[in-house]
2 protein chains.
Amino acid sequence: MPDPRESERKGAPPRVTLGHGAGGRLTSELVRELFLARFRNPHLEPLGDSAVVAEPGGGALVLTTDGYVVTPLFFPGGDIGRLAVCGTVNDLAVAGARPLYLTASFIIEEGLPLAELERVVDSMARTAREAAVEVVAGDTKVVESGSCDKLFIVTAGVGCLRPGADLGPDRVRPGDRLVINGPVGLHGVAVLSQREGLSFQTTVRSDCGLVSGPAALLVERLGPAVRWMRDPTRGGLATLVCDLAEDAGVPVIIDEESVPVPPDVEAACELLGLDPLYLANEGKLVAVVEAGAASEAVRLLREAGCPEAAEIGRVSPSGPAGPGPTRPRGYLRTRYGGTRLLERLDGDQLPRIC
Amino acid sequence: MPDPRESERKGAPPRVTLGHGAGGRLTSELVRELFLARFRNPHLEPLGDSAVVAEPGGGALVLTTDGYVVTPLFFPGGDIGRLAVCGTVNDLAVAGARPLYLTASFIIEEGLPLAELERVVDSMARTAREAAVEVVAGDTKVVESGSCDKLFIVTAGVGCLRPGADLGPDRVRPGDRLVINGPVGLHGVAVLSQREGLSFQTTVRSDCGLVSGPAALLVERLGPAVRWMRDPTRGGLATLVCDLAEDAGVPVIIDEESVPVPPDVEAACELLGLDPLYLANEGKLVAVVEAGAASEAVRLLREAGCPEAAEIGRVSPSGPAGPGPTRPRGYLRTRYGGTRLLERLDGDQLPRIC
């Protein structure tokens, strides 16, 4: 890592220095010229340490946070900035909330080219507009070269619960169906390929995107027939199914045949010894809906711009016959007709995927 | 850094592994046994990706976020966990809000001893109880050894504006007074001494603590006579004065003689060539109040447990006579009777102080 001042003297691209995080003149310039210029809104504009916003009124608040440490910072289909907005907005959306406000905290390694930070923040601002949320408060810390890996972003989100949303694992009943808005595994394969310099027949692009539109449509149109929603990010669809079975206390079975997996993801997984069901997704939502509402849910998801939406499984009155675990668990009905237990992963298939 | 699994086999203390951040079984155990056990409350308990909380009702929401990257993690008078709660609660408090909810996002370096993480989270939980706030949502990421420095924490805070609070730089008027709740420089010197292995006659302890009690008392008792508040953290009191002058568009003058500086801080600063006015504080608030309310403000701060509260300066109708900058700025009336311009620091006196 060259000394940043050295590069500036030589006319090389400017880089983030420790001074940008010191709270003095450089911080003030960075905040005004880089962050405020891109995120500008009346709540952020005063640049106080807090933002005062209108109370949404009439319902419960929904709060969430996520840290983003993905490497590399840019990958086919997205970047850490888009991820940091989508991930947090999506967490609000699948909780049945209308996303309203984000806070954004940046931890930057000294020496990061300012142009890379600008690209990331441009992407965040664009994605925030797409999601109709405002970034209302932020923070920047700069650490010495070697004390973090380029850039970490933490966003927190505030939303208000949509009227009619009544979601929770306790609402899940035997017979309910699982629907998904599209194919799994794209984000995991896109990031891994970029990281390892792998290439497949075509470039696999991350699905990094918003699910707030589809989630809103399901809640608005189906009301209480939507029982539970979640986005299958880190740990993938399989981990989501394990969590659902455990939290709802019911066996959950997904059909391997019905889960959409793109051919390139399939090929990459075979090559690398990965299971697409455990790969991270960043633009998917899984909803548990009443059996009678399943085909309407799939139709609505397609209407919301998700042509590959599908019904992928169901909540079972009981696990498969024969000796098995006593607590309700998640299962996969394989394409060969057998049923196997889905285990949580002990370790990490792909560290720093999000 | 030894391989964490190696240490476990040898019976050495357990450490955080990449698996703890993978979203699988180990993540689930860490979240339940380490985080939920300490932060337990009905909003966090469901362990969803979001928390649903009651809307406070009747006023504006206040949102804030801060990242904490202090090194070392533990220092006399505090630790990164206490800092991560106090810093964010204090930002809400000085905005005139009642702090209600926090989110907490952890970025952990693989290999961090679990016992250190437990100490930090214990300290956060204790401080959250002291502040009467709930940690309602969280996230954990683990990065490879060498990709971050032990532990970073980002908290976001949600509060509701207190009735009667009417704060902002636009409310500051010539003649207003500045009051502070106690001595400056303790946090900066405490962290630096710990980091560099310096010792002075007595151990300087960080002032890392809550200002929510004193802030509430000022707003409740003095109402609109309180014009503006802020906590002088990174960049210290001098940077706060520069920001205030610029944001309010009025010259601000503080009296060197009136600013409480403990003798140990003074001694450390002389030894190290530092200026106490630029050192970080983590338990201080500065309020701008109407001139007629200044002595009552100091009395209230003392009543709130801040015996060294003092009036330290004022908002001036004009800058000092003679040629000078055209925009309103911050000034120091020195103990020798002169007046000098306070400059924002270009670089960093002390990186990673908070």
# chains A, B, ... in the order shown; residues from 1 in each chain; ligands from 1
>>> closest_atom_pairs(of="stretch 103-133 of chain A", to="stretch 10-31 of chain A", cutoff="10 Å", atoms="only C-alpha atoms", output="Markdown table")
| residue | atom | partner | partner_atom | distance |
| --- | --- | --- | --- | --- |
| A:Phe106 | CA | A:Gly21 | CA | 9.9 |
| A:Ile107 | CA | A:Gly21 | CA | 9.1 |
| A:Ile108 | CA | A:Val16 | CA | 7.8 |
| A:Glu109 | CA | A:Val16 | CA | 7.6 |
| A:Glu110 | CA | A:Thr17 | CA | 5.0 |
| A:Gly111 | CA | A:Arg15 | CA | 5.0 |
| A:Leu112 | CA | A:Val16 | CA | 5.3 |
| A:Pro113 | CA | A:Arg15 | CA | 4.1 |
| A:Leu114 | CA | A:Arg15 | CA | 4.9 |
| A:Ala115 | CA | A:Pro13 | CA | 7.7 |
| A:Glu116 | CA | A:Arg15 | CA | 9.1 |
| A:Leu117 | CA | A:Val16 | CA | 8.6 |
>>> write_last_selection(atoms="N, CA and C atoms", output="PDB file, in the first residue's frame")
ATOM      1  N   PHE A 106     -19.815   3.676   7.702  1.00  0.00           N
ATOM      2  CA  PHE A 106     -18.719   3.208   6.848  1.00  0.00           C
ATOM      3  C   PHE A 106     -17.457   3.015   7.689  1.00  0.00           C
ATOM      4  N   ILE A 107     -16.832   1.847   7.540  1.00  0.00           N
ATOM      5  CA  ILE A 107     -15.509   1.633   8.135  1.00  0.00           C
ATOM      6  C   ILE A 107     -14.564   1.406   6.959  1.00  0.00           C
ATOM      7  N   ILE A 108     -13.626   2.335   6.791  1.00  0.00           N
ATOM      8  CA  ILE A 108     -12.818   2.389   5.571  1.00  0.00           C
ATOM      9  C   ILE A 108     -11.355   2.157   5.913  1.00  0.00           C
ATOM     10  N   GLU A 109     -10.684   1.349   5.093  1.00  0.00           N
ATOM     11  CA  GLU A 109      -9.248   1.162   5.261  1.00  0.00           C
ATOM     12  C   GLU A 109      -8.534   2.335   4.606  1.00  0.00           C
ATOM     13  N   GLU A 110      -7.639   2.940   5.358  1.00  0.00           N
ATOM     14  CA  GLU A 110      -6.775   3.989   4.815  1.00  0.00           C
ATOM     15  C   GLU A 110      -6.185   3.520   3.488  1.00  0.00           C
ATOM     16  N   GLY A 111      -6.209   4.362   2.485  1.00  0.00           N
ATOM     17  CA  GLY A 111      -5.629   3.994   1.197  1.00  0.00           C
ATOM     18  C   GLY A 111      -6.654   3.577   0.157  1.00  0.00           C
ATOM     19  N   LEU A 112      -7.909   3.373   0.565  1.00  0.00           N
ATOM     20  CA  LEU A 112      -8.940   3.035  -0.422  1.00  0.00           C
ATOM     21  C   LEU A 112      -9.034   4.181  -1.436  1.00  0.00           C
ATOM     22  N   PRO A 113      -8.963   3.883  -2.743  1.00  0.00           N
ATOM     23  CA  PRO A 113      -9.107   4.969  -3.710  1.00  0.00           C
ATOM     24  C   PRO A 113     -10.463   5.669  -3.532  1.00  0.00           C
ATOM     25  N   LEU A 114     -10.440   6.993  -3.477  1.00  0.00           N
ATOM     26  CA  LEU A 114     -11.690   7.741  -3.304  1.00  0.00           C
ATOM     27  C   LEU A 114     -12.674   7.417  -4.418  1.00  0.00           C
ATOM     28  N   ALA A 115     -12.153   7.120  -5.616  1.00  0.00           N
ATOM     29  CA  ALA A 115     -13.043   6.817  -6.743  1.00  0.00           C
ATOM     30  C   ALA A 115     -13.848   5.547  -6.468  1.00  0.00           C
ATOM     31  N   GLU A 116     -13.256   4.574  -5.753  1.00  0.00           N
ATOM     32  CA  GLU A 116     -14.008   3.352  -5.433  1.00  0.00           C
ATOM     33  C   GLU A 116     -15.108   3.654  -4.420  1.00  0.00           C
ATOM     34  N   LEU A 117     -14.764   4.495  -3.436  1.00  0.00           N
ATOM     35  CA  LEU A 117     -15.782   4.880  -2.459  1.00  0.00           C
ATOM     36  C   LEU A 117     -16.922   5.618  -3.154  1.00  0.00           C
TER      37      LEU A 117
END
>>> select_by_dssp(residues="stretch 77-231 of chain B", states="alpha helix (DSSP H)", output="PyMOL selection string")
chain B and resi 80-94+114-131+186-196+212-222
>>> residues_around(residues="B:Val191", least_positions_apart="4", cutoff="12 Å", atoms="only C-alpha atoms", output="ChimeraX atom specification")
/B:70-80,83,185-187,195-199,203-208,265,268,279-282,350-354
>>> closest_residue(among="B:Val52, B:Leu92, B:Cys86, B:Leu222", to="A:Ala165", atoms="only C-alpha atoms")
B:Val52
>>> closest_residue(among="A:Lys150, A:Arg333, A:Arg340, A:Arg171", to="chain B", atoms="only C-alpha atoms")
A:Lys150
>>> select_by_dssp(residues="stretch 123-191 of chain B", states="strand (DSSP E or B)", output="list of chain:residue names")
B:Glu134, B:Val135, B:Val136, B:Ala137, B:Gly138, B:Asp139, B:Thr140, B:Lys141, B:Val142, B:Val143, B:Cys148, B:Leu151, B:Phe152, B:Ile153, B:Val154, B:Thr155, B:Ala156, B:Gly157, B:Val158, B:Gly159, B:Cys160, B:Leu161, B:Arg177, B:Leu178, B:Val179, B:Ile180
>>> write_last_selection(atoms="N, CA, C and O atoms", output="tab-separated table (two decimals), in the first residue's frame")
chain	number	residue	atom	x	y	z
B	134	GLU	N	-33.38	-0.77	24.83
B	134	GLU	CA	-33.34	-2.17	24.48
B	134	GLU	C	-32.55	-2.36	23.18
B	134	GLU	O	-32.74	-1.60	22.23
B	135	VAL	N	-31.71	-3.39	23.14
B	135	VAL	CA	-31.06	-3.78	21.89
B	135	VAL	C	-32.03	-4.75	21.22
B	135	VAL	O	-32.26	-5.85	21.69
B	136	VAL	N	-32.65	-4.30	20.11
B	136	VAL	CA	-33.77	-5.06	19.55
B	136	VAL	C	-33.43	-5.83	18.28
B	136	VAL	O	-34.20	-6.68	17.84
B	137	ALA	N	-32.32	-5.54	17.64
B	137	ALA	CA	-31.93	-6.27	16.44
B	137	ALA	C	-30.42	-6.23	16.32
B	137	ALA	O	-29.77	-5.31	16.83
B	138	GLY	N	-29.85	-7.24	15.67
B	138	GLY	CA	-28.40	-7.29	15.57
B	138	GLY	C	-27.95	-8.12	14.39
B	138	GLY	O	-28.76	-8.72	13.68
B	139	ASP	N	-26.65	-8.12	14.18
B	139	ASP	CA	-26.05	-8.90	13.09
B	139	ASP	C	-24.61	-9.20	13.47
B	139	ASP	O	-23.97	-8.41	14.16
B	140	THR	N	-24.13	-10.35	13.01
B	140	THR	CA	-22.74	-10.73	13.28
B	140	THR	C	-22.08	-11.16	11.98
B	140	THR	O	-22.63	-12.00	11.27
B	141	LYS	N	-20.95	-10.58	11.68
B	141	LYS	CA	-20.13	-11.05	10.58
B	141	LYS	C	-18.76	-11.41	11.15
B	141	LYS	O	-18.25	-10.70	12.03
B	142	VAL	N	-18.19	-12.51	10.64
B	142	VAL	CA	-16.83	-12.86	11.02
B	142	VAL	C	-15.97	-12.81	9.77
B	142	VAL	O	-16.36	-13.37	8.74
B	143	VAL	N	-14.83	-12.11	9.84
B	143	VAL	CA	-13.93	-12.03	8.68
B	143	VAL	C	-12.62	-12.73	9.03
B	143	VAL	O	-12.29	-12.92	10.19
B	148	CYS	N	-9.82	-7.67	9.73
B	148	CYS	CA	-10.22	-6.52	10.56
B	148	CYS	C	-9.40	-6.62	11.84
B	148	CYS	O	-8.71	-7.61	12.06
B	151	LEU	N	-12.28	-6.44	16.58
B	151	LEU	CA	-13.72	-6.26	16.71
B	151	LEU	C	-14.11	-4.83	16.39
B	151	LEU	O	-13.53	-3.89	16.95
B	152	PHE	N	-15.07	-4.67	15.49
B	152	PHE	CA	-15.71	-3.38	15.26
B	152	PHE	C	-17.18	-3.54	15.62
B	152	PHE	O	-17.78	-4.60	15.37
B	153	ILE	N	-17.78	-2.51	16.18
B	153	ILE	CA	-19.22	-2.55	16.50
B	153	ILE	C	-19.87	-1.31	15.90
B	153	ILE	O	-19.34	-0.21	16.02
B	154	VAL	N	-21.00	-1.52	15.25
B	154	VAL	CA	-21.80	-0.38	14.77
B	154	VAL	C	-23.15	-0.45	15.46
B	154	VAL	O	-23.82	-1.49	15.41
B	155	THR	N	-23.54	0.61	16.13
B	155	THR	CA	-24.88	0.68	16.70
B	155	THR	C	-25.68	1.77	15.99
B	155	THR	O	-25.12	2.76	15.54
B	156	ALA	N	-26.98	1.53	15.86
B	156	ALA	CA	-27.89	2.58	15.41
B	156	ALA	C	-28.89	2.77	16.53
B	156	ALA	O	-29.17	1.84	17.30
B	157	GLY	N	-29.42	3.97	16.65
B	157	GLY	CA	-30.32	4.27	17.75
B	157	GLY	C	-31.59	4.94	17.26
B	157	GLY	O	-31.56	5.71	16.29
B	158	VAL	N	-32.69	4.61	17.93
B	158	VAL	CA	-33.98	5.22	17.64
B	158	VAL	C	-34.53	5.81	18.94
B	158	VAL	O	-34.54	5.14	19.98
B	159	GLY	N	-34.95	7.05	18.87
B	159	GLY	CA	-35.56	7.68	20.03
B	159	GLY	C	-36.74	8.51	19.59
B	159	GLY	O	-37.03	8.61	18.39
B	160	CYS	N	-37.44	9.08	20.57
B	160	CYS	CA	-38.52	10.00	20.19
B	160	CYS	C	-38.23	11.36	20.81
B	160	CYS	O	-37.70	11.46	21.92
B	161	LEU	N	-38.54	12.38	20.05
B	161	LEU	CA	-38.25	13.74	20.49
B	161	LEU	C	-39.04	14.06	21.76
B	161	LEU	O	-40.24	13.79	21.83
B	177	ARG	N	-25.16	31.39	25.94
B	177	ARG	CA	-23.99	30.89	26.66
B	177	ARG	C	-23.78	29.41	26.38
B	177	ARG	O	-24.74	28.68	26.11
B	178	LEU	N	-22.52	28.98	26.50
B	178	LEU	CA	-22.19	27.56	26.36
B	178	LEU	C	-21.92	26.98	27.75
B	178	LEU	O	-21.14	27.55	28.52
B	179	VAL	N	-22.53	25.86	28.04
B	179	VAL	CA	-22.24	25.16	29.30
B	179	VAL	C	-21.79	23.73	28.96
B	179	VAL	O	-22.17	23.17	27.94
B	180	ILE	N	-20.95	23.18	29.84
B	180	ILE	CA	-20.48	21.81	29.67
B	180	ILE	C	-20.68	21.08	31.00
B	180	ILE	O	-20.69	21.71	32.06
>>> closest_residue(among="B:Glu33, B:Ser123, B:Asp231, B:Gly305", to="chain A", atoms="only C-alpha atoms")
B:Asp231
>>> residues_around(residues="A:Arg329", least_positions_apart="6", cutoff="9 Å", atoms="only C-alpha atoms", output="JSON, numbers by chain")
{"A": [241, 242, 243, 244, 245, 246, 249, 250, 251, 252, 253, 319, 341, 342, 343]}
>>> write_last_selection(atoms="N, CA and C atoms", output="PDB file, in the first residue's frame")
ATOM      1  N   VAL A 241     -35.062 -22.887   5.538  1.00  0.00           N
ATOM      2  CA  VAL A 241     -36.027 -23.954   5.828  1.00  0.00           C
ATOM      3  C   VAL A 241     -35.779 -24.547   7.227  1.00  0.00           C
ATOM      4  N   CYS A 242     -34.517 -24.728   7.592  1.00  0.00           N
ATOM      5  CA  CYS A 242     -34.194 -25.211   8.949  1.00  0.00           C
ATOM      6  C   CYS A 242     -34.709 -24.234  10.003  1.00  0.00           C
ATOM      7  N   ASP A 243     -34.465 -22.941   9.771  1.00  0.00           N
ATOM      8  CA  ASP A 243     -34.913 -21.924  10.731  1.00  0.00           C
ATOM      9  C   ASP A 243     -36.432 -21.923  10.846  1.00  0.00           C
ATOM     10  N   LEU A 244     -37.103 -21.981   9.710  1.00  0.00           N
ATOM     11  CA  LEU A 244     -38.565 -21.950   9.706  1.00  0.00           C
ATOM     12  C   LEU A 244     -39.135 -23.134  10.485  1.00  0.00           C
ATOM     13  N   ALA A 245     -38.619 -24.346  10.211  1.00  0.00           N
ATOM     14  CA  ALA A 245     -39.122 -25.539  10.896  1.00  0.00           C
ATOM     15  C   ALA A 245     -38.934 -25.411  12.406  1.00  0.00           C
ATOM     16  N   GLU A 246     -37.764 -24.899  12.776  1.00  0.00           N
ATOM     17  CA  GLU A 246     -37.467 -24.794  14.211  1.00  0.00           C
ATOM     18  C   GLU A 246     -38.319 -23.704  14.869  1.00  0.00           C
ATOM     19  N   GLY A 249     -41.999 -24.713  14.677  1.00  0.00           N
ATOM     20  CA  GLY A 249     -42.288 -25.985  15.334  1.00  0.00           C
ATOM     21  C   GLY A 249     -43.071 -26.956  14.461  1.00  0.00           C
ATOM     22  N   VAL A 250     -42.804 -26.899  13.155  1.00  0.00           N
ATOM     23  CA  VAL A 250     -43.501 -27.775  12.202  1.00  0.00           C
ATOM     24  C   VAL A 250     -42.492 -28.301  11.185  1.00  0.00           C
ATOM     25  N   PRO A 251     -42.656 -29.538  10.697  1.00  0.00           N
ATOM     26  CA  PRO A 251     -41.763 -30.006   9.637  1.00  0.00           C
ATOM     27  C   PRO A 251     -42.025 -29.233   8.348  1.00  0.00           C
ATOM     28  N   VAL A 252     -40.968 -28.934   7.611  1.00  0.00           N
ATOM     29  CA  VAL A 252     -41.087 -28.204   6.350  1.00  0.00           C
ATOM     30  C   VAL A 252     -40.357 -29.006   5.279  1.00  0.00           C
ATOM     31  N   ILE A 253     -41.027 -29.227   4.169  1.00  0.00           N
ATOM     32  CA  ILE A 253     -40.442 -30.037   3.098  1.00  0.00           C
ATOM     33  C   ILE A 253     -40.377 -29.224   1.818  1.00  0.00           C
ATOM     34  N   GLY A 319     -43.216 -35.289  10.033  1.00  0.00           N
ATOM     35  CA  GLY A 319     -42.016 -35.588   9.253  1.00  0.00           C
ATOM     36  C   GLY A 319     -42.212 -36.895   8.496  1.00  0.00           C
ATOM     37  N   LEU A 341     -33.047 -35.224   5.393  1.00  0.00           N
ATOM     38  CA  LEU A 341     -33.012 -34.149   6.377  1.00  0.00           C
ATOM     39  C   LEU A 341     -32.085 -33.031   5.880  1.00  0.00           C
ATOM     40  N   LEU A 342     -32.519 -31.781   6.025  1.00  0.00           N
ATOM     41  CA  LEU A 342     -31.631 -30.645   5.737  1.00  0.00           C
ATOM     42  C   LEU A 342     -30.914 -30.257   7.023  1.00  0.00           C
ATOM     43  N   GLU A 343     -29.607 -30.266   6.984  1.00  0.00           N
ATOM     44  CA  GLU A 343     -28.822 -29.910   8.173  1.00  0.00           C
ATOM     45  C   GLU A 343     -28.379 -28.459   8.052  1.00  0.00           C
TER      46      GLU A 343
END
>>> residues_around(residues="A:Arg299", least_positions_apart="6", cutoff="12 Å", atoms="only C-alpha atoms", output="JSON, numbers by chain")
{"A": [179, 180, 181, 214, 217, 218, 221, 222, 293, 305, 306, 307, 308, 309, 310, 311]}
>>> write_last_selection(atoms="all heavy atoms", output="compact mmCIF listing (two decimals), in the first residue's frame")
# COMPACT_ATOMS: atom_id res chain seq x y z
N VAL A 179 -43.59 -20.40 -1.27
CA VAL A 179 -43.35 -19.88 -2.61
C VAL A 179 -42.08 -19.04 -2.60
O VAL A 179 -41.69 -18.48 -1.57
CB VAL A 179 -44.54 -19.02 -3.13
CG1 VAL A 179 -45.81 -19.86 -3.23
CG2 VAL A 179 -44.77 -17.81 -2.24
N ILE A 180 -41.41 -19.00 -3.75
CA ILE A 180 -40.19 -18.20 -3.89
C ILE A 180 -40.33 -17.36 -5.15
O ILE A 180 -41.06 -17.74 -6.08
CB ILE A 180 -38.93 -19.10 -3.94
CG1 ILE A 180 -37.65 -18.27 -3.76
CG2 ILE A 180 -38.86 -19.90 -5.25
CD1 ILE A 180 -36.41 -19.12 -3.46
N ASN A 181 -39.65 -16.20 -5.18
CA ASN A 181 -39.84 -15.30 -6.32
C ASN A 181 -38.87 -15.55 -7.48
O ASN A 181 -38.91 -14.81 -8.47
CB ASN A 181 -39.76 -13.83 -5.86
CG ASN A 181 -38.39 -13.46 -5.34
OD1 ASN A 181 -37.70 -14.31 -4.77
ND2 ASN A 181 -37.99 -12.21 -5.52
N PRO A 214 -42.39 -6.99 -4.56
CA PRO A 214 -43.11 -8.26 -4.43
C PRO A 214 -43.65 -8.51 -3.01
O PRO A 214 -44.80 -8.97 -2.86
CB PRO A 214 -42.04 -9.31 -4.78
CG PRO A 214 -41.04 -8.58 -5.60
CD PRO A 214 -41.07 -7.16 -5.18
N LEU A 217 -46.77 -6.43 -2.48
CA LEU A 217 -47.91 -6.93 -3.25
C LEU A 217 -48.55 -8.14 -2.55
O LEU A 217 -49.78 -8.23 -2.45
CB LEU A 217 -47.43 -7.31 -4.66
CG LEU A 217 -48.50 -7.38 -5.74
CD1 LEU A 217 -49.17 -6.04 -5.95
CD2 LEU A 217 -47.89 -7.88 -7.06
N LEU A 218 -47.71 -9.05 -2.06
CA LEU A 218 -48.26 -10.22 -1.37
C LEU A 218 -49.08 -9.81 -0.15
O LEU A 218 -50.20 -10.27 0.06
CB LEU A 218 -47.14 -11.17 -0.93
CG LEU A 218 -46.38 -11.94 -2.03
CD1 LEU A 218 -45.35 -12.88 -1.40
CD2 LEU A 218 -47.34 -12.73 -2.91
N ARG A 221 -52.33 -7.80 -1.19
CA ARG A 221 -53.39 -8.53 -1.89
C ARG A 221 -53.88 -9.75 -1.11
O ARG A 221 -55.04 -10.12 -1.20
CB ARG A 221 -52.91 -9.00 -3.27
CG ARG A 221 -52.53 -7.88 -4.20
CD ARG A 221 -53.76 -7.12 -4.74
NE ARG A 221 -53.31 -6.14 -5.71
CZ ARG A 221 -53.07 -6.42 -6.99
NH1 ARG A 221 -53.30 -7.63 -7.47
NH2 ARG A 221 -52.63 -5.49 -7.80
N LEU A 222 -52.97 -10.41 -0.38
CA LEU A 222 -53.37 -11.66 0.27
C LEU A 222 -53.61 -11.50 1.77
O LEU A 222 -54.13 -12.42 2.41
CB LEU A 222 -52.30 -12.74 0.03
CG LEU A 222 -52.02 -13.06 -1.46
CD1 LEU A 222 -50.93 -14.13 -1.57
CD2 LEU A 222 -53.30 -13.52 -2.16
N ALA A 293 -54.03 -20.06 -1.19
CA ALA A 293 -53.55 -18.81 -1.77
C ALA A 293 -52.26 -19.00 -2.55
O ALA A 293 -51.72 -18.04 -3.11
CB ALA A 293 -53.35 -17.77 -0.67
N GLY A 305 -42.94 -8.81 -11.53
CA GLY A 305 -41.69 -8.82 -12.28
C GLY A 305 -40.77 -9.99 -11.96
O GLY A 305 -39.56 -9.90 -12.18
N CYS A 306 -41.32 -11.07 -11.43
CA CYS A 306 -40.50 -12.23 -11.09
C CYS A 306 -41.03 -13.44 -11.87
O CYS A 306 -41.79 -14.27 -11.35
CB CYS A 306 -40.59 -12.52 -9.59
SG CYS A 306 -40.25 -11.10 -8.54
N PRO A 307 -40.62 -13.57 -13.18
CA PRO A 307 -41.22 -14.58 -14.05
C PRO A 307 -40.97 -16.02 -13.58
O PRO A 307 -41.73 -16.92 -13.93
CB PRO A 307 -40.54 -14.33 -15.40
CG PRO A 307 -39.31 -13.56 -15.10
CD PRO A 307 -39.60 -12.76 -13.87
N GLU A 308 -39.88 -16.24 -12.82
CA GLU A 308 -39.58 -17.61 -12.40
C GLU A 308 -40.12 -17.95 -11.01
O GLU A 308 -39.67 -18.92 -10.40
CB GLU A 308 -38.08 -17.85 -12.48
CG GLU A 308 -37.57 -17.78 -13.92
CD GLU A 308 -36.06 -18.01 -13.98
OE1 GLU A 308 -35.65 -19.17 -13.85
OE2 GLU A 308 -35.32 -17.02 -14.13
N ALA A 309 -41.02 -17.14 -10.50
CA ALA A 309 -41.62 -17.44 -9.19
C ALA A 309 -42.23 -18.84 -9.22
O ALA A 309 -42.76 -19.27 -10.25
CB ALA A 309 -42.68 -16.41 -8.87
N ALA A 310 -42.17 -19.54 -8.10
CA ALA A 310 -42.65 -20.93 -8.08
C ALA A 310 -43.07 -21.34 -6.67
O ALA A 310 -42.59 -20.79 -5.68
CB ALA A 310 -41.55 -21.86 -8.57
N GLU A 311 -43.95 -22.31 -6.63
CA GLU A 311 -44.26 -22.97 -5.35
C GLU A 311 -43.19 -24.03 -5.17
O GLU A 311 -42.94 -24.83 -6.08
CB GLU A 311 -45.66 -23.60 -5.44
CG GLU A 311 -46.10 -24.20 -4.14
CD GLU A 311 -47.48 -24.86 -4.23
OE1 GLU A 311 -48.35 -24.36 -5.00
OE2 GLU A 311 -47.67 -25.87 -3.54
>>> closest_residue(among="A:Pro56, A:Pro276, A:Pro99, A:Pro46", to="A:Val184", atoms="only C-alpha atoms")
A:Pro276
>>> residues_around(residues="A:Glu266", least_positions_apart="5", cutoff="12 Å", atoms="only C-alpha atoms", output="list in words")
Pro183, Val184, Gly185, Leu186, Gly188, Val189, Phe200, Gln201, Val204, Val259, Pro260, Val261, Leu271, Leu272, Gly273, Leu274, Asp275, Pro276, Leu277 and Leu279 of chain A
>>> atom_distance(atom1="atom CA of A:Pro224", atom2="atom CA of A:Leu167")
7.7 Å
